[in-house]
$ cat input.cif   # mmCIF, C-alpha atoms
data_work
loop_
_atom_site.label_atom_id
_atom_site.label_comp_id
_atom_site.auth_asym_id
_atom_site.auth_seq_id
_atom_site.Cartn_x
_atom_site.Cartn_y
_atom_site.Cartn_z
CA MET A 1 39.33 -10.94 28.16
CA ILE A 2 40.50 -14.47 27.24
CA SER A 3 36.98 -15.78 27.80
CA GLN A 4 35.51 -13.02 25.65
CA LEU A 5 38.05 -13.66 22.89
CA ILE A 6 37.29 -17.39 22.88
CA PHE A 7 33.58 -16.65 22.73
CA PHE A 8 34.02 -14.21 19.86
CA ILE A 9 36.08 -16.72 17.84
CA LEU A 10 33.58 -19.54 18.40
CA PHE A 11 30.62 -17.32 17.56
CA ALA A 12 32.24 -15.90 14.41
CA VAL A 13 33.36 -19.33 13.15
CA ALA A 14 29.88 -20.77 13.73
CA ILE A 15 28.18 -17.96 11.81
CA VAL A 16 30.66 -18.21 8.91
CA PHE A 17 30.25 -21.98 8.59
CA PHE A 18 26.46 -21.72 8.78
CA ALA A 19 26.41 -19.00 6.12
CA ARG A 20 28.62 -21.09 3.84
CA ASN A 21 26.43 -24.18 4.17
CA ALA A 22 23.26 -22.14 3.76
CA LYS A 23 24.69 -20.65 0.56
CA LYS A 24 25.32 -24.14 -0.82
CA ILE A 25 21.75 -25.20 -0.11
CA TYR A 26 20.43 -22.05 -1.79
CA ARG A 27 22.67 -22.81 -4.79
CA ASN A 28 21.36 -26.39 -4.94
CA ILE A 29 17.74 -25.23 -4.85
CA LYS A 30 18.43 -22.78 -7.68
CA LEU A 31 19.55 -25.70 -9.86
CA GLY A 32 15.86 -26.32 -10.49
CA ARG A 33 13.85 -24.82 -13.33
CA ALA A 34 11.99 -21.55 -12.91
CA THR A 35 8.37 -21.55 -11.78
CA GLN A 36 6.03 -18.70 -10.90
CA ARG A 37 5.16 -18.62 -7.19
CA THR A 38 5.01 -14.90 -6.39
CA ASP A 39 1.41 -14.09 -7.28
CA ASN A 40 -1.25 -13.23 -4.68
CA PRO A 41 1.12 -12.31 -1.82
CA GLY A 42 -1.74 -11.70 0.62
CA GLU A 43 -3.00 -15.27 0.27
CA ARG A 44 0.54 -16.59 0.50
CA PHE A 45 1.19 -14.73 3.75
CA ARG A 46 -2.08 -16.10 5.13
CA ILE A 47 -1.08 -19.67 4.29
CA MET A 48 2.37 -19.18 5.80
CA ALA A 49 0.85 -17.75 8.99
CA MET A 50 -1.68 -20.57 9.33
CA VAL A 51 0.45 -23.55 8.28
CA ALA A 52 4.05 -22.68 9.24
CA LEU A 53 3.52 -20.33 12.17
CA GLY A 54 0.13 -21.57 13.38
CA GLN A 55 0.90 -25.30 12.89
CA GLN A 56 -2.61 -25.73 11.45
CA LYS A 57 -2.12 -29.07 9.69
CA MET A 58 -0.25 -30.59 12.64
CA PHE A 59 -3.50 -30.85 14.60
CA LYS A 60 -4.80 -33.68 12.45
CA LYS A 61 -2.88 -35.72 15.06
CA PRO A 62 -3.65 -33.84 18.31
CA LEU A 63 -1.18 -35.51 20.69
CA ALA A 64 1.79 -35.13 18.36
CA ALA A 65 0.63 -31.59 17.53
CA ILE A 66 0.53 -30.44 21.17
CA LEU A 67 3.96 -31.90 21.88
CA HIS A 68 5.34 -30.37 18.68
CA VAL A 69 3.94 -26.95 19.62
CA PHE A 70 5.69 -27.18 22.99
CA VAL A 71 8.99 -27.98 21.28
CA TYR A 72 8.50 -25.44 18.50
CA VAL A 73 7.38 -22.52 20.68
CA GLY A 74 9.66 -23.40 23.57
CA PHE A 75 12.81 -23.81 21.53
CA CYS A 76 12.18 -20.61 19.52
CA ILE A 77 11.28 -18.43 22.51
CA ILE A 78 13.97 -19.79 24.81
CA ASN A 79 16.52 -18.90 22.15
CA ILE A 80 15.54 -15.27 22.66
CA GLU A 81 17.80 -15.61 25.67
CA MET A 82 20.61 -16.21 23.18
CA LEU A 83 20.64 -12.45 22.71
CA GLU A 84 21.59 -12.02 26.36
CA ILE A 85 24.12 -14.85 26.20
CA VAL A 86 25.80 -13.30 23.15
CA ILE A 87 26.00 -9.89 24.82
CA ASP A 88 27.34 -11.41 28.04
CA GLY A 89 29.86 -13.48 26.09
CA LEU A 90 31.16 -10.57 24.05
CA PHE A 91 31.32 -7.96 26.81
CA GLY A 92 31.99 -10.10 29.89
CA THR A 93 28.73 -9.11 31.61
CA HIS A 94 26.31 -11.37 33.46
CA ARG A 95 22.53 -11.32 32.88
CA VAL A 96 22.84 -7.92 31.23
CA LEU A 97 19.13 -7.76 30.36
CA SER A 98 18.16 -7.92 34.03
CA VAL A 99 17.96 -4.11 33.87
CA MET A 100 14.41 -4.73 32.61
CA GLY A 101 13.50 -5.59 36.22
CA GLY A 102 10.15 -7.31 36.71
CA PHE A 103 9.69 -8.02 32.99
CA TYR A 104 13.02 -9.87 32.98
CA ASP A 105 11.82 -11.99 35.90
CA PHE A 106 8.68 -12.80 33.91
CA LEU A 107 10.73 -13.80 30.87
CA ILE A 108 12.99 -16.18 32.82
CA TYR A 109 9.89 -17.56 34.59
CA ALA A 110 8.29 -18.32 31.20
CA PHE A 111 11.53 -19.65 29.73
CA GLU A 112 11.86 -22.19 32.52
CA TRP A 113 8.36 -23.62 32.06
CA LEU A 114 8.89 -23.75 28.32
CA ALA A 115 12.25 -25.47 28.79
CA LEU A 116 10.55 -28.12 30.91
CA ALA A 117 7.85 -28.54 28.26
CA VAL A 118 10.49 -28.97 25.54
CA LEU A 119 12.44 -31.47 27.63
CA VAL A 120 9.38 -33.61 28.47
CA SER A 121 8.06 -33.46 24.89
CA CYS A 122 11.41 -34.56 23.46
CA VAL A 123 11.58 -37.48 25.88
CA ILE A 124 8.08 -38.55 24.77
CA PHE A 125 9.05 -38.15 21.11
CA PHE A 126 12.16 -40.27 21.72
CA ILE A 127 10.04 -43.03 23.28
CA ARG A 128 7.45 -42.84 20.47
CA ARG A 129 10.17 -43.12 17.84
CA ASN A 130 12.31 -45.85 19.43
CA VAL A 131 10.08 -47.88 21.76
CA LEU A 132 6.46 -47.74 20.55
CA HIS A 133 7.29 -48.63 16.91
CA ILE A 134 4.67 -46.35 15.37
CA TYR A 135 4.02 -47.26 11.73
CA ARG A 136 5.02 -43.96 10.17
CA PHE A 137 8.40 -44.03 11.94
CA GLY A 138 9.24 -47.27 10.16
CA GLY A 139 10.12 -47.79 6.51
CA ARG A 140 13.28 -48.75 4.70
CA GLU A 141 14.09 -45.09 4.00
CA LEU A 142 14.51 -44.42 7.74
CA LEU A 143 17.13 -47.09 8.35
CA LYS A 144 20.63 -46.14 9.52
CA TRP A 145 21.40 -42.41 9.21
CA PRO A 146 17.84 -40.93 9.12
CA ARG A 147 16.95 -42.74 12.35
CA THR A 148 20.23 -41.64 13.94
CA ASP A 149 19.67 -38.07 12.73
CA ALA A 150 16.26 -37.90 14.41
CA ASN A 151 17.66 -39.23 17.68
CA ILE A 152 20.62 -36.83 17.61
CA ILE A 153 18.18 -33.92 17.34
CA LEU A 154 16.01 -35.14 20.23
CA ILE A 155 18.97 -35.92 22.50
CA THR A 156 20.58 -32.56 21.70
CA GLU A 157 17.41 -30.66 22.62
CA ILE A 158 17.06 -32.66 25.85
CA LEU A 159 20.66 -31.89 26.82
CA LEU A 160 20.36 -28.20 25.94
CA MET A 161 17.23 -27.77 28.03
CA ALA A 162 18.78 -29.72 30.92
CA ALA A 163 21.86 -27.48 30.77
CA PHE A 164 19.68 -24.36 30.69
CA LEU A 165 17.75 -25.39 33.80
CA THR A 166 20.91 -26.51 35.65
CA MET A 167 22.61 -23.21 34.80
CA ASN A 168 19.66 -21.30 36.23
CA ALA A 169 19.62 -23.46 39.36
CA ALA A 170 23.32 -22.78 40.01
CA ASP A 171 22.83 -19.08 39.24
CA GLY A 172 19.89 -18.85 41.63
CA LYS A 173 21.83 -20.51 44.44
CA LEU A 174 24.82 -18.21 43.84
CA GLN A 175 22.46 -15.24 44.09
CA GLN A 176 21.16 -16.52 47.42
CA LEU A 177 24.72 -16.92 48.72
CA GLY A 178 25.60 -13.39 47.62
CA ALA A 179 28.44 -14.52 45.36
CA ASP A 180 30.41 -11.76 43.67
CA GLY A 181 29.04 -10.94 40.19
CA TYR A 182 25.76 -12.83 40.70
CA HIS A 183 23.22 -10.13 41.48
CA THR A 184 19.59 -10.95 42.12
CA ALA A 185 17.85 -11.37 38.78
CA GLY A 186 15.25 -13.72 37.31
CA ALA A 187 12.61 -16.06 38.67
CA PHE A 188 13.30 -19.82 38.71
CA PRO A 189 10.07 -21.81 39.20
CA VAL A 190 11.46 -25.07 37.76
CA SER A 191 15.20 -25.00 38.38
CA GLN A 192 14.69 -24.21 42.07
CA TYR A 193 13.95 -27.91 42.56
CA LEU A 194 17.44 -28.78 41.27
CA VAL A 195 19.23 -26.63 43.86
CA GLY A 196 19.49 -29.48 46.35
CA LEU A 197 21.49 -31.52 43.84
CA LEU A 198 24.17 -28.86 43.50
CA PRO A 199 27.32 -28.32 45.62
CA ASP A 200 27.16 -25.89 48.52
CA SER A 201 30.49 -24.16 47.90
CA ILE A 202 30.59 -21.00 45.82
CA ASN A 203 33.53 -22.24 43.75
CA GLY A 204 31.73 -25.47 42.94
CA LEU A 205 28.55 -23.62 41.98
CA VAL A 206 30.49 -21.21 39.75
CA MET A 207 32.07 -24.18 37.97
CA VAL A 208 28.63 -25.76 37.41
CA GLU A 209 27.07 -22.49 36.23
CA ARG A 210 29.96 -21.66 33.87
CA PHE A 211 30.09 -25.22 32.49
CA CYS A 212 26.38 -25.20 31.73
CA TRP A 213 26.60 -21.70 30.26
CA TRP A 214 29.39 -22.74 27.87
CA PHE A 215 27.72 -26.09 27.15
CA HIS A 216 24.48 -24.32 26.23
CA ILE A 217 26.04 -21.72 23.92
CA ILE A 218 28.43 -24.17 22.23
CA GLY A 219 25.58 -26.66 21.86
CA VAL A 220 23.38 -24.06 20.19
CA LEU A 221 26.18 -23.00 17.81
CA LEU A 222 26.91 -26.63 16.91
CA PHE A 223 23.19 -27.28 16.45
CA LEU A 224 22.99 -24.24 14.16
CA ASN A 225 25.63 -25.78 11.91
CA TYR A 226 24.05 -29.22 12.13
CA LEU A 227 20.79 -27.88 10.66
CA PRO A 228 21.98 -27.77 7.01
CA LEU A 229 23.00 -31.44 7.31
CA SER A 230 19.81 -32.54 9.00
CA LYS A 231 16.09 -32.96 8.44
CA HIS A 232 15.67 -30.34 11.16
CA LEU A 233 16.34 -27.67 8.55
CA HIS A 234 12.54 -27.48 8.24
CA ILE A 235 12.40 -25.10 11.22
CA ILE A 236 13.85 -22.48 8.87
CA LEU A 237 12.57 -23.58 5.45
CA ALA A 238 8.97 -24.24 6.53
CA PHE A 239 8.24 -20.52 6.22
CA PRO A 240 9.39 -19.95 2.63
CA ASN A 241 8.08 -23.36 1.60
CA THR A 242 4.54 -22.62 2.76
CA TYR A 243 4.68 -19.10 1.35
CA PHE A 244 5.49 -20.50 -2.10
CA SER A 245 2.71 -23.09 -1.91
CA ASN A 246 0.79 -24.04 -5.04
CA LEU A 247 -2.43 -21.98 -4.93
CA THR A 248 -4.21 -23.96 -7.65
CA PRO A 249 -6.58 -26.81 -6.68
CA LYS A 250 -4.70 -29.94 -5.57
CA GLY A 251 -6.32 -32.11 -8.22
CA LYS A 252 -5.05 -29.97 -11.10
CA LEU A 253 -2.05 -31.43 -12.90
CA ASN A 254 0.22 -29.07 -14.80
CA ASN A 255 0.62 -29.58 -18.53
CA ILE A 256 4.03 -29.35 -20.16
CA GLU A 257 3.97 -25.85 -21.66
CA SER A 258 5.92 -26.77 -24.78
CA VAL A 259 3.50 -29.61 -25.56
CA THR A 260 0.47 -27.40 -24.94
CA ALA A 261 1.87 -24.75 -27.27
CA GLU A 262 2.53 -27.36 -29.97
CA VAL A 263 -0.99 -28.75 -29.77
CA LYS A 264 -2.55 -25.28 -29.87
CA ALA A 265 -0.50 -24.42 -32.95
CA MET A 266 -1.67 -27.62 -34.64
CA LEU A 267 -5.33 -26.92 -33.88
CA ASP A 268 -5.13 -23.24 -34.80
CA PRO A 269 -2.80 -22.48 -37.72
CA SER A 270 -3.12 -18.75 -37.02
CA LEU A 271 -1.09 -19.17 -33.84
CA PRO A 272 2.69 -18.87 -34.18
CA PRO A 273 4.63 -22.11 -33.73
CA PRO A 274 6.36 -22.51 -30.36
CA SER A 275 9.83 -21.06 -30.23
CA GLY A 276 12.88 -22.51 -28.56
CA GLU A 277 14.18 -26.04 -28.30
CA VAL A 278 12.76 -28.40 -25.69
CA THR A 279 15.64 -30.18 -23.99
CA ARG A 280 13.52 -32.75 -22.16
CA PHE A 281 9.93 -33.79 -21.60
CA GLY A 282 9.25 -34.62 -17.98
CA VAL A 283 11.82 -35.28 -15.27
CA LYS A 284 14.83 -37.57 -15.38
CA ASP A 285 17.15 -35.83 -12.91
CA VAL A 286 16.92 -33.06 -10.33
CA GLN A 287 17.83 -30.33 -12.85
CA ASP A 288 14.52 -31.07 -14.60
CA LEU A 289 12.54 -30.30 -11.43
CA THR A 290 11.50 -26.79 -10.43
CA TRP A 291 13.27 -24.91 -7.65
CA LYS A 292 10.09 -25.34 -5.57
CA ASN A 293 10.36 -29.14 -5.86
CA LEU A 294 13.94 -28.91 -4.57
CA LEU A 295 12.86 -26.55 -1.78
CA ASP A 296 10.24 -29.15 -0.86
CA ALA A 297 12.96 -31.79 -0.65
CA TYR A 298 15.10 -29.74 1.72
CA THR A 299 12.06 -28.81 3.83
CA CYS A 300 10.94 -32.42 4.39
CA THR A 301 11.21 -33.36 8.07
CA GLU A 302 10.65 -37.10 7.39
CA CYS A 303 7.63 -37.19 9.72
CA GLY A 304 5.99 -39.86 7.56
CA ARG A 305 2.45 -38.46 7.57
CA CYS A 306 2.46 -38.61 3.78
CA THR A 307 3.53 -42.26 3.69
CA ALA A 308 1.15 -43.26 6.49
CA SER A 309 -1.79 -41.85 4.46
CA CYS A 310 -0.66 -43.20 1.07
CA PRO A 311 -3.07 -45.93 -0.10
CA ALA A 312 -0.38 -47.53 -2.24
CA ASN A 313 1.99 -47.80 0.73
CA ILE A 314 -0.76 -49.01 3.06
CA THR A 315 -1.56 -51.88 0.69
CA GLY A 316 2.07 -52.99 0.66
CA LYS A 317 3.32 -51.42 -2.54
CA LEU A 318 6.84 -50.03 -2.78
CA LEU A 319 5.85 -46.36 -3.02
CA SER A 320 6.63 -44.07 -0.06
CA PRO A 321 6.10 -40.33 -0.69
CA ARG A 322 8.55 -39.59 2.12
CA LYS A 323 11.21 -41.62 0.32
CA ILE A 324 10.52 -39.68 -2.90
CA MET A 325 11.41 -36.44 -1.09
CA MET A 326 14.42 -37.93 0.71
CA ASP A 327 15.77 -39.39 -2.54
CA THR A 328 15.35 -36.04 -4.27
CA ARG A 329 17.25 -34.28 -1.48
CA ASP A 330 20.01 -36.91 -1.55
CA ARG A 331 20.40 -36.59 -5.31
CA VAL A 332 20.50 -32.78 -5.41
CA THR A 333 23.00 -32.84 -2.52
CA GLU A 334 25.16 -35.27 -4.51
CA VAL A 335 24.98 -32.99 -7.56
CA GLY A 336 25.91 -30.01 -5.38
CA LYS A 337 28.96 -31.80 -3.98
CA GLN A 338 30.20 -32.50 -7.51
CA ILE A 339 29.79 -28.81 -8.36
CA ASP A 340 31.82 -27.92 -5.25
CA GLN A 341 34.59 -30.31 -6.29
CA LYS A 342 34.72 -29.72 -10.06
CA GLY A 343 33.20 -26.27 -10.49
CA SER A 344 30.33 -27.59 -12.61
CA PHE A 345 28.19 -30.68 -12.94
CA GLU A 346 29.32 -33.45 -15.25
CA ASP A 347 27.26 -36.49 -16.16
CA ASP A 348 28.05 -39.10 -13.51
CA GLY A 349 25.96 -41.88 -15.00
CA LYS A 350 23.32 -41.46 -12.30
CA SER A 351 19.88 -39.90 -12.32
CA LEU A 352 16.93 -39.40 -10.00
CA LEU A 353 14.93 -41.92 -12.00
CA ASP A 354 16.25 -45.49 -11.74
CA THR A 355 19.32 -44.69 -9.61
CA TYR A 356 17.31 -43.28 -6.70
CA ILE A 357 13.63 -43.78 -7.50
CA THR A 358 12.46 -46.98 -9.21
CA ARG A 359 9.82 -47.36 -11.92
CA GLU A 360 7.79 -49.55 -9.60
CA GLU A 361 7.51 -46.69 -7.13
CA ILE A 362 6.29 -44.04 -9.58
CA TRP A 363 3.66 -46.29 -11.19
CA ALA A 364 2.27 -47.39 -7.82
CA CYS A 365 0.98 -43.84 -7.19
CA THR A 366 -2.78 -43.37 -7.56
CA SER A 367 -2.48 -39.54 -7.84
CA CYS A 368 -4.94 -39.21 -4.96
CA ASN A 369 -3.10 -36.26 -3.35
CA ALA A 370 -3.34 -37.80 0.14
CA CYS A 371 0.36 -37.10 0.68
CA VAL A 372 -0.06 -33.46 -0.37
CA GLU A 373 -3.06 -33.02 1.91
CA GLN A 374 -1.33 -34.53 4.94
CA CYS A 375 2.03 -32.76 4.76
CA PRO A 376 2.33 -30.24 7.64
CA VAL A 377 4.42 -27.84 5.49
CA ASN A 378 2.69 -28.19 2.08
CA ILE A 379 5.26 -30.39 0.35
CA ASN A 380 4.09 -31.90 -2.94
CA PRO A 381 5.65 -35.31 -3.76
CA LEU A 382 3.05 -35.87 -6.50
CA GLU A 383 4.59 -33.21 -8.77
CA ILE A 384 7.87 -35.13 -8.77
CA ILE A 385 6.15 -38.46 -9.42
CA ILE A 386 4.14 -37.06 -12.34
CA GLY A 387 7.28 -35.51 -13.83
CA LEU A 388 9.11 -38.85 -13.67
CA ARG A 389 6.15 -40.55 -15.32
CA GLN A 390 6.07 -37.97 -18.09
CA TYR A 391 9.72 -38.64 -18.88
CA ALA A 392 9.20 -42.41 -18.92
CA VAL A 393 6.25 -42.12 -21.32
CA MET A 394 7.19 -39.19 -23.57
CA GLU A 395 10.96 -39.67 -23.80
CA GLU A 396 11.36 -43.44 -23.45
CA SER A 397 7.90 -44.78 -24.42
CA GLN A 398 8.09 -47.00 -21.36
CA ALA A 399 4.97 -47.58 -19.31
CA PRO A 400 3.18 -50.55 -17.74
CA SER A 401 1.04 -52.60 -20.13
CA SER A 402 -2.15 -51.36 -18.49
CA ILE A 403 -1.13 -47.75 -19.16
CA ASN A 404 -0.20 -48.54 -22.75
CA GLY A 405 -3.58 -50.20 -23.21
CA MET A 406 -5.30 -47.06 -21.98
CA PHE A 407 -3.25 -44.91 -24.37
CA SER A 408 -4.25 -47.16 -27.27
CA ASN A 409 -7.92 -46.93 -26.34
CA LEU A 410 -7.72 -43.15 -26.06
CA GLU A 411 -6.18 -42.96 -29.53
CA ASN A 412 -8.60 -45.36 -31.19
CA ASN A 413 -11.82 -44.93 -29.22
CA GLY A 414 -11.49 -41.48 -27.66
CA ALA A 415 -11.93 -43.02 -24.21
CA PRO A 416 -9.95 -45.28 -21.83
CA TRP A 417 -12.27 -48.23 -22.54
CA LYS A 418 -12.03 -50.85 -25.28
CA TYR A 419 -15.41 -50.29 -26.87
CA ALA A 420 -16.20 -47.67 -29.51
CA GLN A 421 -17.59 -44.22 -28.77
CA ALA A 422 -20.96 -45.20 -30.28
CA ASP A 423 -21.38 -47.92 -27.65
CA ARG A 424 -20.60 -45.75 -24.63
CA ALA A 425 -24.22 -45.21 -23.58
CA ASN A 426 -25.37 -48.80 -24.00
CA TRP A 427 -25.24 -49.34 -20.25
CA ALA A 428 -28.24 -47.01 -19.88
CA ASN A 429 -30.40 -49.37 -21.92
CA GLN A 430 -29.79 -52.37 -19.69
#

$ encode --input "input.cif" --output "structure tokens"
Amino acid sequence: MISQLIFFILFAVAIVFFARNAKKIYRNIKLGRATQRTDNPGERFRIMAMVALGQQKMFKKPLAAILHVFVYVGFCIINIEMLEIVIDGLFGTHRVLSVMGGFYDFLIYAFEWLALAVLVSCVIFFIRRNVLHIYRFGGRELLKWPRTDANIILITEILLMAAFLTMNAADGKLQQLGADGYHTAGAFPVSQYLVGLLPDSINGLVMVERFCWWFHIIGVLLFLNYLPLSKHLHIILAFPNTYFSNLTPKGKLNNIESVTAEVKAMLDPSLPPPSGEVTRFGVKDVQDLTWKNLLDAYTCTECGRCTASCPANITGKLLSPRKIMMDTRDRVTEVGKQIDQKGSFEDDGKSLLDTYITREEIWACTSCNACVEQCPVNINPLEIIIGLRQYAVMEESQAPSSINGMFSNLENNGAPWKYAQADRANWANQ
């Protein structure tokens, strides 16, 4: 009963803390402006099934995709066993689902191979990230905590899978020895090779099995509460993020509705003037972004595919689409913490533009949409960049000289070029 009580307390505390942190993230996302992303549900479910569940865009890099599928499928399916662990922990039973007989043996058989696949894949990922120095795992935005965060996740998954296999090995050996409470159940194709490393005494085996059982469940509960603090939150948010994808063509940039309404009213006096006061043109801080932009920021897994495909970054410019998303997440998290402390947000003298993201970064973007195309979970850094540019131009009248020159030509000549409209076709006479 003491063991069951301890388990219940740990499980309840973990769920409460996770719910509290999840609520804060939901609150932070809702700080963004409204945007319509509920149309065409059939198409949205298709995209979610293909991109989030089917890992479609991951396979642009086949090796990483196969390893990621092993980790993704293995970790999700193996955690089905958490149902049995929770029941055993609450009611003091052992392998309670073994009443399913042969199907239970099949499940444990599959779980073991998947656990091995997860373990090996995570080791390879660890080597790729820390030894091989792959370009997209570099970058100033990945220094210090982000690099540590990634390694914590990989090491945790390696340890959890190792504990799972060791637990099964000890359990299998206890079954063979006919230990009390360890009835024959499950098939152990992988962990059977660990049996020789275990003690021969029943008491020693019980200690190993119980230690690994507690290590596995406590590790999973701690990992659950680490998710809201980590880039690994994408394993949950990838599904809503892909469902709420932008269904319009990637090359289409959204106009500011208030400006569009003003222009239409000027061109057609029969239209009513726009109502309501516009508080800001473009984006200065995270409250000016849409909730989908903020969901994008929390969904980013920092894989770097966007930055590795960005022509501006490749040519040595300061822009990194991954950093844009990480900076947005850091800023909205900072705003959320102030709300937690003071009850509401007060101007802290900081903003997304300038404090987190520099002017040099936003004007380096070529608007090519390479980052949007490459993202495995349909994140759109370009929307944030364009919003920051709109604020700089429309609110502050600050833009690079080349941009200002283009604006002047558009106003005077009706085209981005210096010569008059009447001379546009002269090239055809050459």

$ closest_residue --input "input.cif" --among "A:Ile15, A:Ile218, A:Leu165, A:Ile153" --to "A:Leu116" --atoms "only C-alpha atoms"
A:Leu165

$ resolve_selection --input "input.cif" --expression "the PyMOL selection byres ((chain A and resi 219-228) around 7)" --output "list of chain:residue names"
A:Ala14, A:Phe17, A:Phe18, A:Asn21, A:Ala22, A:Leu160, A:Phe215, A:His216, A:Ile217, A:Ile218, A:Leu229, A:Ser230, A:His232, A:Leu233

$ closest_residue --input "input.cif" --among "A:Asn203, A:Ser270, A:Asn241, A:Asn151" --to "A:Lys173" --atoms "all atoms listed in the file"
A:Asn203

$ closest_atom_pairs --input "input.cif" --of "stretch 315-338 of chain A" --to "stretch 375-395 of chain A" --cutoff "10 Å" --atoms "all atoms listed in the file" --output "CSV"
residue,atom,partner,partner_atom,distance
A:Ser320,CA,A:Pro381,CA,9.6
A:Pro321,CA,A:Pro381,CA,5.9
A:Arg322,CA,A:Pro381,CA,7.8
A:Lys323,CA,A:Pro381,CA,9.3
A:Ile324,CA,A:Pro381,CA,6.6
A:Met325,CA,A:Pro381,CA,6.4
A:Thr328,CA,A:Ile384,CA,8.8

$ resolve_selection --input "input.cif" --expression "the PyMOL selection byres ((chain A and resi 103-106) around 12)" --output "PyMOL selection string"
chain A and resi 80-81+84+95-102+107-113+184-189

$ residues_around --input "input.cif" --residues "stretch 24-32 of chain A" --least-positions-apart "3" --cutoff "10 Å" --atoms "only C-alpha atoms" --output "PyMOL selection string"
chain A and resi 18-21+35+228-229+285-298+329+332-337+339-340

$ write_last_selection --input "input.cif" --atoms "C-alpha atoms" --output "compact mmCIF listing (two decimals), in the coordinates of the input"
# COMPACT_ATOMS: atom_id res chain seq x y z
CA PHE A 18 26.46 -21.72 8.78
CA ALA A 19 26.41 -19.00 6.12
CA ARG A 20 28.62 -21.09 3.84
CA ASN A 21 26.43 -24.18 4.17
CA THR A 35 8.37 -21.55 -11.78
CA PRO A 228 21.98 -27.77 7.01
CA LEU A 229 23.00 -31.44 7.31
CA ASP A 285 17.15 -35.83 -12.91
CA VAL A 286 16.92 -33.06 -10.33
CA GLN A 287 17.83 -30.33 -12.85
CA ASP A 288 14.52 -31.07 -14.60
CA LEU A 289 12.54 -30.30 -11.43
CA THR A 290 11.50 -26.79 -10.43
CA TRP A 291 13.27 -24.91 -7.65
CA LYS A 292 10.09 -25.34 -5.57
CA ASN A 293 10.36 -29.14 -5.86
CA LEU A 294 13.94 -28.91 -4.57
CA LEU A 295 12.86 -26.55 -1.78
CA ASP A 296 10.24 -29.15 -0.86
CA ALA A 297 12.96 -31.79 -0.65
CA TYR A 298 15.10 -29.74 1.72
CA ARG A 329 17.25 -34.28 -1.48
CA VAL A 332 20.50 -32.78 -5.41
CA THR A 333 23.00 -32.84 -2.52
CA GLU A 334 25.16 -35.27 -4.51
CA VAL A 335 24.98 -32.99 -7.56
CA GLY A 336 25.91 -30.01 -5.38
CA LYS A 337 28.96 -31.80 -3.98
CA ILE A 339 29.79 -28.81 -8.36
CA ASP A 340 31.82 -27.92 -5.25

$ resolve_selection --input "input.cif" --expression "the PyMOL selection byres ((chain A and resi 58) around 9)" --output "list in words"
Val51, Gln55, Gln56, Lys57, Phe59, Lys60, Lys61, Pro62, Ala64, Ala65, Ile66, His68, Val69, Gln374, Cys375, Pro376 and Val377 of chain A

$ write_last_selection --input "input.cif" --atoms "C-alpha atoms" --output "mmCIF file, in the coordinates of the input"
data_model
loop_
_atom_site.group_PDB
_atom_site.id
_atom_site.type_symbol
_atom_site.label_atom_id
_atom_site.label_comp_id
_atom_site.auth_asym_id
_atom_site.auth_seq_id
_atom_site.Cartn_x
_atom_site.Cartn_y
_atom_site.Cartn_z
ATOM 1 C CA VAL A 51 0.450 -23.550 8.280
ATOM 2 C CA GLN A 55 0.900 -25.300 12.890
ATOM 3 C CA GLN A 56 -2.610 -25.730 11.450
ATOM 4 C CA LYS A 57 -2.120 -29.070 9.690
ATOM 5 C CA PHE A 59 -3.500 -30.850 14.600
ATOM 6 C CA LYS A 60 -4.800 -33.680 12.450
ATOM 7 C CA LYS A 61 -2.880 -35.720 15.060
ATOM 8 C CA PRO A 62 -3.650 -33.840 18.310
ATOM 9 C CA ALA A 64 1.790 -35.130 18.360
ATOM 10 C CA ALA A 65 0.630 -31.590 17.530
ATOM 11 C CA ILE A 66 0.530 -30.440 21.170
ATOM 12 C CA HIS A 68 5.340 -30.370 18.680
ATOM 13 C CA VAL A 69 3.940 -26.950 19.620
ATOM 14 C CA GLN A 374 -1.330 -34.530 4.940
ATOM 15 C CA CYS A 375 2.030 -32.760 4.760
ATOM 16 C CA PRO A 376 2.330 -30.240 7.640
ATOM 17 C CA VAL A 377 4.420 -27.840 5.490
#

$ residues_around --input "input.cif" --residues "A:Ala170" --least-positions-apart "2" --cutoff "8 Å" --atoms "all atoms listed in the file" --output "JSON, numbers by chain"
{"A": [166, 167, 168, 172, 173, 174, 195, 198, 205, 206, 208, 209]}

$ atom_distance --input "input.cif" --atom1 "atom CA of A:Leu353" --atom2 "atom CA of A:Lys284"
5.5 Å

$ closest_residue --input "input.cif" --among "A:Val71, A:Leu10, A:Met82, A:Ala238" --to "A:Ile158" --atoms "all atoms listed in the file"
A:Val71

$ closest_residue --input "input.cif" --among "A:Ile202, A:Val372, A:Ile78, A:Ile357" --to "A:Val118" --atoms "all atoms listed in the file"
A:Ile78

$ closest_residue --input "input.cif" --among "A:Ile236, A:Ile6, A:Cys122, A:Leu197" --to "A:Thr156" --atoms "only C-alpha atoms"
A:Cys122

$ atom_distance --input "input.cif" --atom1 "atom CA of A:Trp213" --atom2 "atom CA of A:Gly92"
12.8 Å

$ closest_residue --input "input.cif" --among "A:Ala399, A:Val278, A:Met406, A:Ile152" --to "A:Glu257" --atoms "all atoms listed in the file"
A:Val278
